[in-house]
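Quick notes on the structure that follows.
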Amino acid sequence: MPDDGRGIIKWRPFDSVISSNKVVKELLKERSKIRKPILSDEQENILEQKLIIAFYTNVPIKVSYFNNGKINVFEDQIKKIDSIYHKIYFRKHILLFEQIVEIL
């Protein structure tokens, strides 16, 4: 292939397309984030009751929780409830009570 004297310079426009592609992906990722659902006092009380029942009966529960703009779901068994720091310790997860959106 003959050298036209431009060397690497002729490929620079493609570099800008690739880097702008990363920016577009990041913007789309940010736009897909949602706000944390606001729960009423009654909904929080119901969640708390379900957590306590699941803890004392040693039954795995399906938990829907909010984290970093997304709602995620997992099923696990509660090992410990820390009422001082409002944390729930599962076998494979640790959540703050405020993160929990729903118990399915």
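Scheme for the structure tokens: letters A, B, ... for chains in order shown; per-chain residue numbers from 1; ligand numbers from 1 in order shown.
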Assign secondary structure with DSSP using the backbone only, and return the residues of chain A in strand (DSSP E or B) as a ChimeraX atom specification. /A:61-67,70-76,78-82,87-90,94-96,100-103
Output for the residues just chosen: C-alpha atoms as an mmCIF file, in the first residue's frame:
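As written to disk, result02.cif reads:
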```cif
data_model
loop_
_atom_site.group_PDB
_atom_site.id
_atom_site.type_symbol
_atom_site.label_atom_id
_atom_site.label_comp_id
_atom_site.auth_asym_id
_atom_site.auth_seq_id
_atom_site.Cartn_x
_atom_site.Cartn_y
_atom_site.Cartn_z
ATOM 1 C CA ILE A 61 -38.818 -13.989 49.882
ATOM 2 C CA LYS A 62 -38.700 -12.214 46.547
ATOM 3 C CA VAL A 63 -37.547 -8.628 47.033
ATOM 4 C CA SER A 64 -37.855 -5.769 44.574
ATOM 5 C CA TYR A 65 -35.386 -2.987 45.399
ATOM 6 C CA PHE A 66 -34.182 0.308 43.986
ATOM 7 C CA ASN A 67 -30.491 0.798 43.226
ATOM 8 C CA LYS A 70 -33.073 0.805 38.415
ATOM 9 C CA ILE A 71 -35.406 -1.613 40.132
ATOM 10 C CA ASN A 72 -33.876 -5.039 40.616
ATOM 11 C CA VAL A 73 -35.350 -8.268 41.978
ATOM 12 C CA PHE A 74 -33.865 -11.221 43.833
ATOM 13 C CA GLU A 75 -35.094 -14.086 45.973
ATOM 14 C CA ASP A 76 -33.264 -14.897 49.173
ATOM 15 C CA ILE A 78 -33.197 -13.183 55.581
ATOM 16 C CA LYS A 79 -30.362 -13.912 58.005
ATOM 17 C CA LYS A 80 -30.447 -10.762 60.133
ATOM 18 C CA ILE A 81 -32.423 -7.538 60.522
ATOM 19 C CA ASP A 82 -30.446 -4.602 61.915
ATOM 20 C CA LYS A 87 -30.172 -2.964 57.129
ATOM 21 C CA ILE A 88 -31.488 -6.347 56.117
ATOM 22 C CA TYR A 89 -28.900 -9.082 55.715
ATOM 23 C CA PHE A 90 -29.797 -11.845 53.319
ATOM 24 C CA ILE A 94 -27.353 -6.636 52.067
ATOM 25 C CA LEU A 95 -30.012 -3.958 51.612
ATOM 26 C CA LEU A 96 -31.038 -0.812 53.368
ATOM 27 C CA ILE A 100 -36.897 -2.002 49.249
ATOM 28 C CA VAL A 101 -39.781 -1.156 46.956
ATOM 29 C CA GLU A 102 -41.877 -4.294 47.178
ATOM 30 C CA ILE A 103 -41.902 -7.817 48.558
#
```
Chain A: residues DSSP assigns to alpha helix (DSSP H), reported as number ranges by chain: A: 12-31, 41-57
I need the chosen residues saved as a JSON list (two decimals), in the first residue's frame, with N, CA and C atoms.
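To be explicit, this is the file written out as selection32.json:
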```json
[["chain", "number", "residue", "atom", "x", "y", "z"],
["A", 12, "ARG", "N", -8.08, 9.69, 11.98],
["A", 12, "ARG", "CA", -8.59, 10.47, 13.12],
["A", 12, "ARG", "C", -10.10, 10.71, 13.09],
["A", 13, "PRO", "N", -10.73, 10.96, 11.96],
["A", 13, "PRO", "CA", -12.19, 11.14, 11.99],
["A", 13, "PRO", "C", -12.91, 9.91, 12.56],
["A", 14, "PHE", "N", -12.39, 8.71, 12.33],
["A", 14, "PHE", "CA", -13.01, 7.51, 12.86],
["A", 14, "PHE", "C", -12.86, 7.45, 14.38],
["A", 15, "ASP", "N", -11.74, 7.96, 14.90],
["A", 15, "ASP", "CA", -11.56, 8.01, 16.35],
["A", 15, "ASP", "C", -12.62, 8.88, 16.99],
["A", 16, "SER", "N", -12.96, 10.00, 16.38],
["A", 16, "SER", "CA", -13.97, 10.87, 16.97],
["A", 16, "SER", "C", -15.35, 10.21, 16.93],
["A", 17, "VAL", "N", -15.62, 9.41, 15.91],
["A", 17, "VAL", "CA", -16.90, 8.69, 15.83],
["A", 17, "VAL", "C", -16.98, 7.66, 16.94],
["A", 18, "ILE", "N", -15.90, 6.96, 17.18],
["A", 18, "ILE", "CA", -15.88, 5.93, 18.22],
["A", 18, "ILE", "C", -16.06, 6.56, 19.59],
["A", 19, "SER", "N", -15.36, 7.66, 19.89],
["A", 19, "SER", "CA", -15.49, 8.28, 21.20],
["A", 19, "SER", "C", -16.87, 8.91, 21.38],
["A", 20, "SER", "N", -17.46, 9.45, 20.32],
["A", 20, "SER", "CA", -18.81, 10.00, 20.46],
["A", 20, "SER", "C", -19.83, 8.88, 20.64],
["A", 21, "ASN", "N", -19.54, 7.72, 20.09],
["A", 21, "ASN", "CA", -20.40, 6.56, 20.28],
["A", 21, "ASN", "C", -20.46, 6.18, 21.76],
["A", 22, "LYS", "N", -19.33, 6.26, 22.46],
["A", 22, "LYS", "CA", -19.28, 5.98, 23.89],
["A", 22, "LYS", "C", -20.12, 6.99, 24.66],
["A", 23, "VAL", "N", -20.03, 8.25, 24.27],
["A", 23, "VAL", "CA", -20.79, 9.31, 24.92],
["A", 23, "VAL", "C", -22.29, 9.07, 24.73],
["A", 24, "VAL", "N", -22.71, 8.71, 23.53],
["A", 24, "VAL", "CA", -24.12, 8.44, 23.25],
["A", 24, "VAL", "C", -24.62, 7.28, 24.09],
["A", 25, "LYS", "N", -23.83, 6.22, 24.20],
["A", 25, "LYS", "CA", -24.23, 5.07, 25.02],
["A", 25, "LYS", "C", -24.39, 5.47, 26.47],
["A", 26, "GLU", "N", -23.47, 6.29, 26.97],
["A", 26, "GLU", "CA", -23.55, 6.74, 28.36],
["A", 26, "GLU", "C", -24.79, 7.62, 28.59],
["A", 27, "LEU", "N", -25.09, 8.49, 27.63],
["A", 27, "LEU", "CA", -26.29, 9.33, 27.74],
["A", 27, "LEU", "C", -27.56, 8.50, 27.74],
["A", 28, "LEU", "N", -27.62, 7.49, 26.88],
["A", 28, "LEU", "CA", -28.79, 6.62, 26.84],
["A", 28, "LEU", "C", -28.94, 5.84, 28.15],
["A", 29, "LYS", "N", -27.82, 5.43, 28.71],
["A", 29, "LYS", "CA", -27.84, 4.73, 29.99],
["A", 29, "LYS", "C", -28.38, 5.64, 31.09],
["A", 30, "GLU", "N", -27.96, 6.89, 31.11],
["A", 30, "GLU", "CA", -28.43, 7.85, 32.11],
["A", 30, "GLU", "C", -29.92, 8.15, 31.93],
["A", 31, "ARG", "N", -30.37, 8.25, 30.69],
["A", 31, "ARG", "CA", -31.78, 8.56, 30.42],
["A", 31, "ARG", "C", -32.70, 7.41, 30.79],
["A", 41, "ASP", "N", -46.59, 5.60, 54.36],
["A", 41, "ASP", "CA", -46.30, 5.00, 55.66],
["A", 41, "ASP", "C", -46.94, 3.62, 55.78],
["A", 42, "GLU", "N", -48.12, 3.48, 55.24],
["A", 42, "GLU", "CA", -48.82, 2.19, 55.28],
["A", 42, "GLU", "C", -48.06, 1.13, 54.47],
["A", 43, "GLN", "N", -47.57, 1.51, 53.29],
["A", 43, "GLN", "CA", -46.80, 0.57, 52.48],
["A", 43, "GLN", "C", -45.50, 0.17, 53.18],
["A", 44, "GLU", "N", -44.85, 1.11, 53.84],
["A", 44, "GLU", "CA", -43.63, 0.80, 54.59],
["A", 44, "GLU", "C", -43.92, -0.14, 55.75],
["A", 45, "ASN", "N", -45.04, 0.07, 56.44],
["A", 45, "ASN", "CA", -45.43, -0.82, 57.54],
["A", 45, "ASN", "C", -45.71, -2.23, 57.05],
["A", 46, "ILE", "N", -46.36, -2.34, 55.91],
["A", 46, "ILE", "CA", -46.65, -3.66, 55.33],
["A", 46, "ILE", "C", -45.35, -4.37, 54.95],
["A", 47, "LEU", "N", -44.42, -3.63, 54.34],
["A", 47, "LEU", "CA", -43.12, -4.21, 54.00],
["A", 47, "LEU", "C", -42.40, -4.70, 55.26],
["A", 48, "GLU", "N", -42.42, -3.89, 56.29],
["A", 48, "GLU", "CA", -41.76, -4.25, 57.55],
["A", 48, "GLU", "C", -42.37, -5.52, 58.13],
["A", 49, "GLN", "N", -43.70, -5.63, 58.12],
["A", 49, "GLN", "CA", -44.37, -6.83, 58.63],
["A", 49, "GLN", "C", -43.99, -8.06, 57.82],
["A", 50, "LYS", "N", -43.97, -7.92, 56.50],
["A", 50, "LYS", "CA", -43.59, -9.06, 55.64],
["A", 50, "LYS", "C", -42.16, -9.49, 55.91],
["A", 51, "LEU", "N", -41.26, -8.53, 56.12],
["A", 51, "LEU", "CA", -39.87, -8.85, 56.42],
["A", 51, "LEU", "C", -39.75, -9.61, 57.74],
["A", 52, "ILE", "N", -40.45, -9.15, 58.75],
["A", 52, "ILE", "CA", -40.39, -9.80, 60.07],
["A", 52, "ILE", "C", -40.95, -11.21, 60.00],
["A", 53, "ILE", "N", -42.07, -11.38, 59.30],
["A", 53, "ILE", "CA", -42.66, -12.72, 59.16],
["A", 53, "ILE", "C", -41.70, -13.65, 58.42],
["A", 54, "ALA", "N", -41.10, -13.17, 57.33],
["A", 54, "ALA", "CA", -40.15, -13.99, 56.56],
["A", 54, "ALA", "C", -38.92, -14.34, 57.40],
["A", 55, "PHE", "N", -38.49, -13.40, 58.24],
["A", 55, "PHE", "CA", -37.31, -13.64, 59.09],
["A", 55, "PHE", "C", -37.61, -14.75, 60.10],
["A", 56, "TYR", "N", -38.73, -14.65, 60.79],
["A", 56, "TYR", "CA", -39.04, -15.62, 61.84],
["A", 56, "TYR", "C", -39.49, -16.98, 61.30],
["A", 57, "THR", "N", -40.00, -17.03, 60.10],
["A", 57, "THR", "CA", -40.40, -18.31, 59.51],
["A", 57, "THR", "C", -39.31, -18.94, 58.65]]
```
To one decimal place in Å, what is the distance between atom CA of Lys36 of chain A and atom CA of Gln99 of chain A? 8.4 Å
Using Å and a single decimal, report how far atom CA of Asn68 of chain A sits from atom CA of Glu98 of chain A.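 Atom-to-atom, atom CA of Glu98 of chain A to atom CA of Asn68 of chain A, that is 12.9 Å.
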